[in-house]
>>> print(open('protein.cif').read())   # mmCIF, C-alpha atoms
data_final
#
loop_
_atom_site.label_atom_id
_atom_site.label_comp_id
_atom_site.auth_asym_id
_atom_site.auth_seq_id
_atom_site.Cartn_x
_atom_site.Cartn_y
_atom_site.Cartn_z
CA MET B 27 15.38 -7.42 16.46
CA THR B 28 17.95 -8.98 14.21
CA LEU B 29 20.29 -7.29 11.77
CA PRO B 30 18.46 -8.46 8.60
CA PHE B 31 15.22 -7.09 9.97
CA LEU B 32 16.84 -3.72 10.67
CA ILE B 33 18.41 -3.54 7.20
CA LEU B 34 15.13 -4.44 5.49
CA ALA B 35 13.16 -2.01 7.66
CA ILE B 36 15.55 0.84 6.85
CA MET B 37 15.37 -0.01 3.14
CA THR B 38 11.57 -0.06 3.20
CA LEU B 39 11.27 3.19 5.13
CA ALA B 40 13.87 4.95 2.99
CA GLY B 41 11.99 3.85 -0.13
CA GLY B 42 8.72 5.11 1.31
CA VAL B 43 10.14 8.48 2.35
CA ALA B 44 11.82 8.91 -1.05
CA ALA B 45 8.59 7.98 -2.85
CA MET B 46 6.70 10.64 -0.93
CA THR B 47 9.26 13.44 -1.18
CA LEU B 48 11.10 13.18 -4.52
CA ARG B 49 10.42 15.75 -7.20
CA ARG B 50 9.96 13.75 -10.40
CA LEU B 51 7.08 11.29 -10.51
CA VAL B 52 9.08 8.53 -12.23
CA HIS B 53 11.67 8.62 -9.44
CA CYS B 54 8.82 8.43 -6.94
CA ALA B 55 7.49 5.30 -8.68
CA LEU B 56 10.94 3.68 -8.57
CA ALA B 57 11.34 4.48 -4.87
CA LEU B 58 7.86 3.07 -4.25
CA THR B 59 8.94 -0.15 -5.95
CA ILE B 60 11.93 -0.35 -3.59
CA ALA B 61 9.60 0.10 -0.62
CA PHE B 62 7.29 -2.67 -1.88
CA ALA B 63 10.24 -5.01 -2.49
CA GLY B 64 11.56 -4.27 1.00
CA LEU B 65 8.17 -5.12 2.46
CA ALA B 66 8.13 -8.41 0.54
CA ALA B 67 11.57 -9.21 1.96
CA LEU B 68 10.26 -8.33 5.44
CA TYR B 69 7.41 -10.81 4.98
CA LEU B 70 9.91 -13.47 3.90
CA ASN B 71 12.06 -12.60 6.91
CA LEU B 72 9.05 -13.09 9.19
CA GLY B 73 8.42 -16.55 7.75
CA ALA B 74 5.43 -15.74 5.54
CA GLU B 75 6.70 -17.12 2.24
CA PHE B 76 3.41 -17.11 0.38
CA ALA B 77 2.49 -13.57 1.42
CA GLY B 78 5.98 -12.33 0.53
CA LEU B 79 5.90 -13.86 -2.93
CA ALA B 80 2.33 -12.61 -3.50
CA GLN B 81 3.49 -9.14 -2.45
CA LEU B 82 6.39 -9.36 -4.90
CA LEU B 83 4.12 -10.50 -7.74
CA VAL B 84 1.26 -8.09 -7.13
CA TYR B 85 3.00 -4.95 -5.93
CA VAL B 86 6.43 -5.01 -7.59
CA GLY B 87 5.11 -6.76 -10.68
CA ALA B 88 1.70 -5.25 -11.29
CA ILE B 89 0.97 -2.13 -9.27
CA ALA B 90 4.35 -0.48 -9.87
CA ILE B 91 3.95 -1.00 -13.62
CA LEU B 92 0.38 0.32 -13.41
CA ILE B 93 1.59 3.46 -11.63
CA VAL B 94 4.32 3.99 -14.25
CA PHE B 95 1.70 3.65 -17.00
CA ALA B 96 -0.56 6.15 -15.23
CA ILE B 97 2.36 8.61 -14.98
CA LEU B 98 3.10 8.20 -18.69
CA LEU B 99 -0.56 8.59 -19.70
CA THR B 100 -1.12 11.70 -17.60
CA ARG B 101 2.20 13.30 -18.60
CA GLY B 102 2.73 14.11 -14.95
CA GLY B 103 6.45 13.44 -15.16
CA GLU B 104 6.99 16.59 -17.19
CA GLU B 105 5.45 18.86 -14.60
CA ALA B 106 8.40 18.74 -12.26
CA ASP B 107 8.31 22.17 -10.73
CA GLU B 108 8.72 23.50 -7.22
CA LYS B 109 5.05 22.98 -6.40
CA ARG B 110 5.09 19.36 -5.34
CA PHE B 111 3.32 19.86 -2.00
CA SER B 112 -0.22 21.19 -1.74
CA PRO B 113 -0.92 24.55 -0.06
CA ALA B 114 -2.09 22.87 3.13
CA GLY B 115 0.99 20.66 3.18
CA PHE B 116 2.30 21.76 6.55
CA ALA B 117 -0.91 20.72 8.31
CA GLY B 118 -0.63 17.32 6.65
CA PHE B 119 2.92 16.83 7.95
CA VAL B 120 1.87 17.82 11.47
CA LEU B 121 -1.11 15.47 11.32
CA ALA B 122 1.03 12.54 10.12
CA LEU B 123 3.59 13.24 12.85
CA ALA B 124 0.82 13.30 15.46
CA VAL B 125 -0.56 10.00 14.17
CA PHE B 126 2.88 8.42 14.39
CA GLY B 127 3.34 9.78 17.89
CA VAL B 128 0.08 8.29 19.08
CA LEU B 129 0.78 4.93 17.41
CA ALA B 130 4.33 4.74 18.76
CA TRP B 131 3.15 5.69 22.26
CA ALA B 132 0.47 2.99 22.10
CA VAL B 133 2.98 0.37 20.95
CA VAL B 134 5.69 1.23 23.47
CA THR B 135 3.38 1.39 26.47
CA SER B 136 1.31 -1.66 25.56
CA SER B 137 1.78 -5.03 27.17
CA VAL B 138 2.82 -6.75 23.91
CA ALA B 139 5.98 -4.64 23.67
CA ASN B 140 7.36 -6.10 26.88
CA ALA B 141 5.86 -9.59 26.69
CA PRO B 142 8.26 -12.52 26.51
CA VAL B 143 8.91 -13.81 23.01
CA LEU B 144 6.93 -16.94 22.23
CA PRO B 145 8.69 -19.87 20.55
CA ALA B 146 9.02 -19.50 16.82
CA ALA B 147 5.95 -20.35 14.81
CA PRO B 148 6.17 -23.33 12.49
CA PRO B 149 6.51 -22.01 8.95
CA ALA B 150 3.20 -22.10 7.14
CA GLY B 151 3.56 -24.44 4.20
CA MET B 152 1.69 -24.16 0.95
CA ARG B 153 -0.33 -27.24 1.86
CA GLU B 154 -1.73 -25.64 5.02
CA ILE B 155 -2.50 -22.37 3.22
CA GLY B 156 -4.21 -24.17 0.36
CA THR B 157 -6.26 -26.30 2.73
CA ALA B 158 -7.34 -23.24 4.71
CA LEU B 159 -8.25 -21.34 1.52
CA MET B 160 -10.24 -24.24 0.10
CA ARG B 161 -12.05 -25.27 3.26
CA GLN B 162 -12.39 -22.59 5.91
CA TYR B 163 -12.09 -19.51 3.70
CA VAL B 164 -13.70 -20.75 0.49
CA LEU B 165 -16.55 -18.21 0.57
CA PRO B 166 -14.24 -15.16 0.95
CA LEU B 167 -12.10 -16.62 -1.83
CA GLU B 168 -15.08 -16.74 -4.20
CA VAL B 169 -16.16 -13.25 -3.17
CA ILE B 170 -12.69 -11.89 -3.84
CA ALA B 171 -12.66 -13.58 -7.25
CA LEU B 172 -15.96 -11.92 -8.12
CA MET B 173 -14.68 -8.58 -6.82
CA LEU B 174 -11.48 -8.80 -8.89
CA THR B 175 -13.53 -9.52 -12.03
CA ALA B 176 -15.86 -6.60 -11.29
CA ALA B 177 -12.90 -4.30 -10.59
CA MET B 178 -11.21 -5.32 -13.85
CA ILE B 179 -14.35 -4.65 -15.91
CA GLY B 180 -14.93 -1.40 -14.04
CA ALA B 181 -11.38 -0.19 -14.62
CA VAL B 182 -11.62 -0.94 -18.34
CA ILE B 183 -14.96 0.88 -18.61
CA LEU B 184 -13.65 3.88 -16.66
CA ALA B 185 -10.53 4.17 -18.78
CA LEU B 186 -12.36 3.77 -22.10
CA ARG B 187 -12.75 6.87 -24.22
CA GLU B 188 -16.36 8.08 -24.11
CA ARG B 189 -16.66 8.43 -27.87
CA LYS B 190 -20.18 7.17 -28.32
CA THR B 191 -21.81 9.31 -25.64
CA SER B 192 -20.06 12.46 -26.87
CA GLU B 193 -21.23 11.72 -30.41
CA ILE B 194 -24.78 11.34 -29.16
CA ARG B 195 -24.51 14.55 -27.21
CA GLY B 196 -22.86 16.47 -30.03
CA MET G 1129 11.60 -4.35 23.34
CA ASN G 1130 10.76 -7.56 21.54
CA PRO G 1131 10.60 -8.20 17.76
CA LEU G 1132 6.84 -7.71 17.68
CA ALA G 1133 7.20 -4.16 18.98
CA GLY G 1134 9.92 -3.51 16.39
CA CYS G 1135 7.61 -4.64 13.60
CA LEU G 1136 4.79 -2.50 14.97
CA LEU G 1137 7.03 0.57 15.15
CA VAL G 1138 8.26 0.09 11.57
CA SER G 1139 4.65 -0.32 10.48
CA ALA G 1140 3.58 2.82 12.36
CA LEU G 1141 6.38 4.80 10.72
CA LEU G 1142 5.44 3.48 7.28
CA PHE G 1143 1.80 4.40 7.92
CA ALA G 1144 2.81 7.94 8.95
CA VAL G 1145 4.96 8.33 5.82
CA GLY G 1146 2.08 7.17 3.62
CA LEU G 1147 -0.36 9.46 5.42
CA ALA G 1148 1.96 12.45 5.04
CA GLY G 1149 2.32 11.71 1.32
CA ALA G 1150 -1.39 11.25 0.78
CA LEU G 1151 -2.20 14.50 2.60
CA THR G 1152 0.51 16.73 1.17
CA ARG G 1153 1.39 15.73 -2.39
CA ARG G 1154 -0.30 17.48 -5.29
CA SER G 1155 -0.15 14.63 -7.80
CA ALA G 1156 -3.19 12.36 -7.61
CA ILE G 1157 -1.03 9.35 -8.51
CA LEU G 1158 1.19 9.93 -5.48
CA VAL G 1159 -1.86 10.35 -3.26
CA LEU G 1160 -2.87 6.86 -4.39
CA ALA G 1161 0.69 5.62 -3.74
CA GLY G 1162 0.49 7.00 -0.21
CA ILE G 1163 -2.74 5.08 0.35
CA GLU G 1164 -1.01 1.93 -0.91
CA LEU G 1165 1.81 2.49 1.60
CA MET G 1166 -0.73 2.77 4.41
CA LEU G 1167 -2.39 -0.47 3.31
CA ASN G 1168 1.00 -2.18 3.28
CA ALA G 1169 1.74 -0.95 6.79
CA ALA G 1170 -1.47 -2.62 7.95
CA ASN G 1171 -0.44 -5.84 6.19
CA LEU G 1172 2.91 -5.79 8.00
CA ASN G 1173 1.01 -5.58 11.28
CA PHE G 1174 -1.08 -8.61 10.35
CA ILE G 1175 2.03 -10.64 9.46
CA ALA G 1176 3.80 -9.59 12.66
CA PHE G 1177 0.86 -10.53 14.86
CA TRP G 1178 0.51 -13.85 13.01
CA ARG G 1179 4.21 -14.63 13.45
CA TYR G 1180 4.57 -13.57 17.09
CA GLY G 1181 1.02 -14.22 18.27
CA SER G 1182 -0.04 -17.08 20.48
CA HIS G 1183 -1.86 -19.09 17.75
CA PRO G 1184 0.25 -19.03 14.57
CA GLU G 1185 -1.20 -22.36 13.42
CA ALA G 1186 -4.59 -20.69 12.82
CA LEU G 1187 -3.14 -18.83 9.77
CA THR G 1188 -5.69 -16.01 10.25
CA GLY G 1189 -3.29 -13.10 9.79
CA LEU G 1190 -1.64 -14.70 6.78
CA ILE G 1191 -4.96 -15.37 5.00
CA PHE G 1192 -6.12 -11.84 5.80
CA VAL G 1193 -2.97 -10.44 4.19
CA ILE G 1194 -3.58 -12.47 1.03
CA PHE G 1195 -7.12 -11.13 0.75
CA SER G 1196 -5.91 -7.63 1.57
CA ILE G 1197 -3.35 -7.77 -1.26
CA ALA G 1198 -6.11 -8.79 -3.68
CA VAL G 1199 -8.34 -5.91 -2.53
CA ALA G 1200 -5.43 -3.47 -2.82
CA ALA G 1201 -4.76 -4.61 -6.38
CA ALA G 1202 -8.39 -3.98 -7.33
CA GLU G 1203 -8.29 -0.62 -5.57
CA ALA G 1204 -5.16 0.46 -7.43
CA ALA G 1205 -6.59 -0.55 -10.80
CA VAL G 1206 -9.87 1.30 -10.27
CA GLY G 1207 -8.14 4.30 -8.68
CA LEU G 1208 -5.68 4.73 -11.53
CA ALA G 1209 -8.50 4.35 -14.07
CA LEU G 1210 -10.39 7.10 -12.24
CA ILE G 1211 -7.30 9.32 -12.30
CA LEU G 1212 -6.99 8.72 -16.06
CA ALA G 1213 -10.67 9.58 -16.59
CA ILE G 1214 -10.35 12.77 -14.52
CA TYR G 1215 -7.16 13.70 -16.38
CA ARG G 1216 -8.94 13.28 -19.70
CA HIS G 1217 -11.72 15.55 -18.48
CA THR G 1218 -9.70 18.30 -16.79
CA ARG G 1219 -6.23 17.87 -18.42
CA THR G 1220 -4.56 17.85 -15.01
CA SER G 1221 -3.76 15.31 -12.30
CA ASP G 1222 -3.08 17.96 -9.66
CA VAL G 1223 -5.52 17.43 -6.81
CA SER G 1224 -5.46 21.08 -5.78
CA GLU G 1225 -6.56 22.17 -9.27
CA ILE G 1226 -9.48 19.75 -9.53
CA THR G 1227 -12.00 22.03 -7.83
CA GLU G 1228 -15.20 21.36 -9.73
CA MET G 1229 -16.98 19.98 -6.68
CA LYS G 1230 -15.61 22.61 -4.33
CA GLY G 1231 -18.30 24.45 -2.40
#
>>> encode(input="protein.cif", output="structure tokens")
Amino acid sequence: MTLPFLILAIMTLAGGVAAMTLRRLVHCALALTIAFAGLAALYLNLGAEFAGLAQLLVYVGAIAILIVFAILLTRGGEEADEKRFSPAGFAGFVLALAVFGVLAWAVVTSSVANAPVLPAAPPAGMREIGTALMRQYVLPLEVIALMLTAAMIGAVILALRERKTSEIRG
Amino acid sequence: MNPLAGCLLVSALLFAVGLAGALTRRSAILVLAGIELMLNAANLNFIAFWRYGSHPEALTGLIFVIFSIAVAAAEAAVGLALILAIYRHTRTSDVSEITEMKG
């Protein structure tokens, strides 16, 4: 583990913990953006340029803004009181801690943790990724395009005001 | 401990943080953010196994992460639209106050 990896990992985890524990929702959204940016930097550090830049575009660019808009539209930022955790919060913490314990135990005792490090992978260029997307993975690519279109239409329909149906009912 | 195990431990910690947030926070938006963190932890695992695996030229992990990011974007858009619709109906985004379907 190198020093840049450690710095980026600490930044990502600190952003995640802050996003899940801070009191005001806008601060949580900002901390979440830091966590997403740290993850993108981790991808770049691991040699996955395309995935890192896609993460930066989609998460830092789109999803963070979407979350901020949702906070504004639900006026959740004003309700900053002492009740930020649900009544069954303690059980949730214990469960998450147990999940981490099991995962960490599985990682540490597995054979991959002590395997010798293989020689560094050749960095995946855009040409290889494009060829793979257009040849081997062309059907999943089309399916994901259809799914994104359906999700976009569905989100617009869900967020529309139901004026016509209420007029019919009323 | 090799770099792969370091990546897996960071990812496990990130997953636990997201799970704790999704299970304990009252705001529905932060529950969704916790789910996003868990998805991202899985993506970090894919990238780590692609980078340190025995066949990095196959690009499988990298392509899976690209598709996973697209699915997560769709999920966030639909999820936030659902939260907005529920907020318009109940005037709250607190998951412990939305009890209409409680038995």
>>> residues_around(input="protein.cif", residues="region 1199-1212 of chain G", least_positions_apart="4", cutoff="9 Å", atoms="only C-alpha atoms", output="ChimeraX atom specification")
/B:84-85,88-89,92-93,96,99-100,170,173-178,180-186 /G:1156-1157,1160-1161,1164,1167-1168,1194-1195,1216-1217,1221
>>> residues_around(input="protein.cif", residues="Leu29 (chain B)", least_positions_apart="6", cutoff="12 Å", atoms="all atoms listed in the file", output="PDB file with C-alpha atoms, in the coordinates of the input")
ATOM      1  CA  ALA B  35      13.160  -2.010   7.660  1.00  0.00           C
ATOM      2  CA  ILE B  36      15.550   0.840   6.850  1.00  0.00           C
ATOM      3  CA  LEU B  68      10.260  -8.330   5.440  1.00  0.00           C
ATOM      4  CA  ASN B  71      12.060 -12.600   6.910  1.00  0.00           C
TER       5      ASN B  71
ATOM      6  CA  PRO G1131      10.600  -8.200  17.760  1.00  0.00           C
ATOM      7  CA  GLY G1134       9.920  -3.510  16.390  1.00  0.00           C
TER       8      GLY G1134
END
>>> resolve_selection(input="protein.cif", expression="the PyMOL selection byres ((chain B) within 6 of (chain G))", output="short mmCIF file (atom, residue, chain, number, x, y, z; two decimals) with C-alpha atoms, in the frame of the given file")
data_model
loop_
_atom_site.label_atom_id
_atom_site.label_comp_id
_atom_site.auth_asym_id
_atom_site.auth_seq_id
_atom_site.Cartn_x
_atom_site.Cartn_y
_atom_site.Cartn_z
CA MET B 27 15.38 -7.42 16.46
CA MET B 46 6.70 10.64 -0.93
CA ARG B 110 5.09 19.36 -5.34
CA PHE B 111 3.32 19.86 -2.00
CA SER B 112 -0.22 21.19 -1.74
CA GLY B 115 0.99 20.66 3.18
CA GLY B 118 -0.63 17.32 6.65
CA PHE B 119 2.92 16.83 7.95
CA ALA B 122 1.03 12.54 10.12
CA PHE B 126 2.88 8.42 14.39
CA ALA B 139 5.98 -4.64 23.67
CA ASN B 140 7.36 -6.10 26.88
CA ALA B 147 5.95 -20.35 14.81
CA LEU B 174 -11.48 -8.80 -8.89
CA ALA B 177 -12.90 -4.30 -10.59
CA ALA B 181 -11.38 -0.19 -14.62
CA LEU B 184 -13.65 3.88 -16.66
CA ALA B 185 -10.53 4.17 -18.78
#
>>> residues_near_point(input="protein.cif", point="(11.7, 1.0, -3.2)", cutoff="8 Å", atoms="all atoms listed in the file", output="VMD selection string")
chain B and resid 37 to 38 40 to 42 45 56 to 64
>>> atom_distance(input="protein.cif", atom1="CA of Ala74 (chain B)", atom2="CA of Gly151 (chain B)")
9.0 Å
>>> atom_distance(input="protein.cif", atom1="CA of Leu172 (chain B)", atom2="CA of Leu70 (chain B)")
28.6 Å
>>> axis_aligned_box(input="protein.cif", around="region 55-70 of chain B", padding_each_side="8 Å", output="lines of an AutoDock Vina configuration file")
center_x = 9.6
center_y = -4.1
center_z = -1.6
size_x = 20.6
size_y = 34.8
size_z = 30.1
>>> atom_distance(input="protein.cif", atom1="CA of Thr1218 (chain G)", atom2="CA of Ala55 (chain B)")
23.0 Å
